[in-house]
Amino acid sequence: MRGTALLPASKSESNRALIIQALAGAGTLHNLSEANDTQLMRRLLAHPEAPEFDAEDAGTVMRFLTAYLAATDRHALLTGTARMQERPIGVLVDALRQLGAHISYEAREGYPPLRLRGWQPTSGAPLSVRGDISSQFISALMMIGPLLPTGLHLQLTGAIGSRPYILMTAALMRHFGAEVDVQEREVRVAPKPYQPADYTVEADWSAASYWYSLVALAPEGSQLHLPGLRRHSWQGDQAIARLMEPLGVRTEFVADGVVLRQVPERAARVAMNFTDCPDLAQTIAVAAAATGVVVEMTGLESLRIKETDRITALQRELAKFGALLAPAGRDIFQASAPNLHVGGQTVHTYHDHRMAMAFAPLALRGAVTVETPAVVRKSYPFFWEELRQAGFELGELGEK
């Protein structure tokens, strides 16, 4: 495998930038993601006075809009898909209520849909927020911090997952003129209004992870150019460059991105912690099985409340290929392939874009069918076309 693959713009950066731009009131955003989540965010923000907002299956849209609509004194219903209505949001709602938001639950306590009935901002005491459920809750609160009369003071409790996403939020806020201080267990945002600014979104490191996996599984000597990635990135999923080295992929930063090179040296066994980059776990689990590297995986707790229960989904689908994601101690899972065989299996995606793309590289080992391949629209709408350009043969039902 040789050539160039085009990546989508970062969905994480795009959705944060859209919220901050809406609060700043002006500025131009360049290279926004074409992902469904970002296009949905754009559409909803274009009609801020609407009586109802449907976040569909987009976690960042649901969480960021909850804070945005509350802090901008909106009266509206915020809802989502059936799966979204199973994803807890009580931690964020409780925090917003303490800040002065009037929010009630339309159905089950602690879950969407939400009824927002205005905002009477309070000031004063620090706000205690759990950090072990979703960093998106923390980011949502941070982004409205400059609007609060005395700013925002968050005290983070418990294990803090996906910290790089909190740092990304802070960096984008600073780009738009906010004053933000992030410490180990505290976040302070000054009551200083955002300033209009332009911003160009980086290519998506999460999307790059699937190409790392493809290079790892490709014929010996393969290399691939991925434009648009930065050495000094705000994205936590840049960790894929480090995580893929034991699986045989080396990263070289060049002027316009990175070049991936397959190398013969691979580890027999390696331990990896995904607390700060949970979206890479599916990619690594599948690539580990296909390359024969045994990976002990920790930091997977948040995978239970993603688009699907990703741990269970991985276990079911890996088993079809003779691979395992097995419990190996307290909060430890081991990815291995005692009897890997690829040849005609069908991968169920569970309405999860990352399941589709994580398993697609197995096509380099044999024929694979991916159910509902259109789920990739959530983050990487042209993924299958890029695979076609790379030489894969695509059938009507998915990847082969």
# chains A, B, ... in the order shown; residues from 1 in each chain; ligands from 1
call {"tool": "select_by_dssp", "arguments": {"residues": "segment 3-243 of chain A", "states": "strand (DSSP E or B)", "output": "PyMOL selection string"}}
result
chain A and resi 4+9+29-30+52-54+75-79+101-105+114-119+127-130+152-157+180-182+186-189+199-200+203+223-227
call {"tool": "residues_around", "arguments": {"residues": "segment 91-103 of chain A", "least_positions_apart": "4", "cutoff": "7 Å", "atoms": "only C-alpha atoms", "output": "list in words"}}
result
Ala70, Leu114, Arg115, Leu116, Arg117, Gly118, Trp119, Gln120, Pro121, Thr122 and Phe137 of chain A
call {"tool": "write_last_selection", "arguments": {"atoms": "C-alpha atoms", "output": "PDB file, in the first residue's frame"}}
result
ATOM      1  CA  ALA A  70     -29.374  27.121  28.823  1.00  0.00           C
ATOM      2  CA  LEU A 114     -34.841  17.873  28.144  1.00  0.00           C
ATOM      3  CA  ARG A 115     -37.152  20.838  28.574  1.00  0.00           C
ATOM      4  CA  LEU A 116     -35.239  24.138  28.918  1.00  0.00           C
ATOM      5  CA  ARG A 117     -37.131  27.030  30.474  1.00  0.00           C
ATOM      6  CA  GLY A 118     -34.702  29.911  30.712  1.00  0.00           C
ATOM      7  CA  TRP A 119     -31.722  31.057  32.750  1.00  0.00           C
ATOM      8  CA  GLN A 120     -31.166  33.118  35.879  1.00  0.00           C
ATOM      9  CA  PRO A 121     -27.388  32.990  36.324  1.00  0.00           C
ATOM     10  CA  THR A 122     -25.986  32.624  39.797  1.00  0.00           C
ATOM     11  CA  PHE A 137     -19.915  17.549  30.239  1.00  0.00           C
TER      12      PHE A 137
END
call {"tool": "closest_residue", "arguments": {"among": "A:Ala125, A:Leu65, A:Leu78, A:Ile284", "to": "Ser104 of chain A", "atoms": "only C-alpha atoms"}}
result
A:Leu78
call {"tool": "residues_around", "arguments": {"residues": "segment 144-156 of chain A", "least_positions_apart": "5", "cutoff": "6 Å", "atoms": "only C-alpha atoms", "output": "NGL selection string"}}
result
:A and (123 or 126-131 or 185-193)
call {"tool": "residues_around", "arguments": {"residues": "Gln223 of chain A", "least_positions_apart": "4", "cutoff": "8 Å", "atoms": "only C-alpha atoms", "output": "number ranges by chain"}}
result
A: 1-3, 215, 259-262
call {"tool": "write_last_selection", "arguments": {"atoms": "C-alpha atoms", "output": "compact mmCIF listing (two decimals), in the first residue's frame"}}
result
# COMPACT_ATOMS: atom_id res chain seq x y z
CA MET A 1 0.00 0.00 0.00
CA ARG A 2 1.36 3.38 -1.05
CA GLY A 3 -0.20 6.73 -1.78
CA VAL A 215 -0.81 0.18 7.15
CA VAL A 259 3.83 9.70 6.50
CA LEU A 260 3.08 6.27 7.98
CA ARG A 261 5.63 3.52 7.39
CA GLN A 262 5.21 -0.14 8.19
call {"tool": "select_by_dssp", "arguments": {"residues": "segment 202-343 of chain A", "states": "helix (DSSP H, G or I)", "output": "VMD selection string"}}
result
chain A and resid 205 to 217 236 to 243 245 to 247 278 to 291 301 to 305 310 to 319
call {"tool": "closest_residue", "arguments": {"among": "A:Met62, A:Leu226, A:Ala17, A:Val368", "to": "Phe321 of chain A", "atoms": "only C-alpha atoms"}}
result
A:Val368
call {"tool": "residues_around", "arguments": {"residues": "His353 of chain A", "least_positions_apart": "5", "cutoff": "10 Å", "atoms": "only C-alpha atoms", "output": "PyMOL selection string"}}
result
chain A and resi 307+358+372-381
call {"tool": "closest_residue", "arguments": {"among": "A:Gly228, A:Pro219, A:Pro338, A:Gly27", "to": "Gly177 of chain A", "atoms": "only C-alpha atoms"}}
result
A:Gly27
call {"tool": "atom_distance", "arguments": {"atom1": "atom CA of Leu44 of chain A", "atom2": "atom CA of Leu32 of chain A"}}
result
15.3 Å
call {"tool": "residues_around", "arguments": {"residues": "Asp57 of chain A", "least_positions_apart": "2", "cutoff": "8 Å", "atoms": "only C-alpha atoms", "output": "list of chain:residue names"}}
result
A:Ala55, A:Gly59, A:Gly80, A:Thr81, A:Arg83, A:Met84, A:Glu307
call {"tool": "write_last_selection", "arguments": {"atoms": "C-alpha atoms", "output": "compact mmCIF listing (two decimals), in the first residue's frame"}}
result
# COMPACT_ATOMS: atom_id res chain seq x y z
CA ALA A 55 -29.58 16.13 18.43
CA GLY A 59 -23.29 13.14 21.82
CA GLY A 80 -32.48 12.76 20.29
CA THR A 81 -32.69 9.19 19.02
CA ARG A 83 -30.18 5.43 21.90
CA MET A 84 -29.46 9.05 22.85
CA GLU A 307 -23.10 5.10 20.54
call {"tool": "atom_distance", "arguments": {"atom1": "atom CA of Ile133 of chain A", "atom2": "atom CA of Ser209 of chain A"}}
result
23.5 Å
call {"tool": "residues_around", "arguments": {"residues": "Thr79 of chain A", "least_positions_apart": "3", "cutoff": "6 Å", "atoms": "only C-alpha atoms", "output": "list in words"}}
result
Asp54, Pro112 and Pro113 of chain A
call {"tool": "write_last_selection", "arguments": {"atoms": "C-alpha atoms", "output": "short mmCIF file (atom, residue, chain, number, x, y, z; two decimals), in the first residue's frame"}}
result
data_model
loop_
_atom_site.label_atom_id
_atom_site.label_comp_id
_atom_site.auth_asym_id
_atom_site.auth_seq_id
_atom_site.Cartn_x
_atom_site.Cartn_y
_atom_site.Cartn_z
CA ASP A 54 -33.16 17.15 17.65
CA PRO A 112 -33.01 13.20 27.45
CA PRO A 113 -35.36 14.62 26.24
#
call {"tool": "closest_residue", "arguments": {"among": "A:Thr28, A:Thr72, A:Ser12, A:Thr38", "to": "Gln136 of chain A", "atoms": "only C-alpha atoms"}}
result
A:Ser12
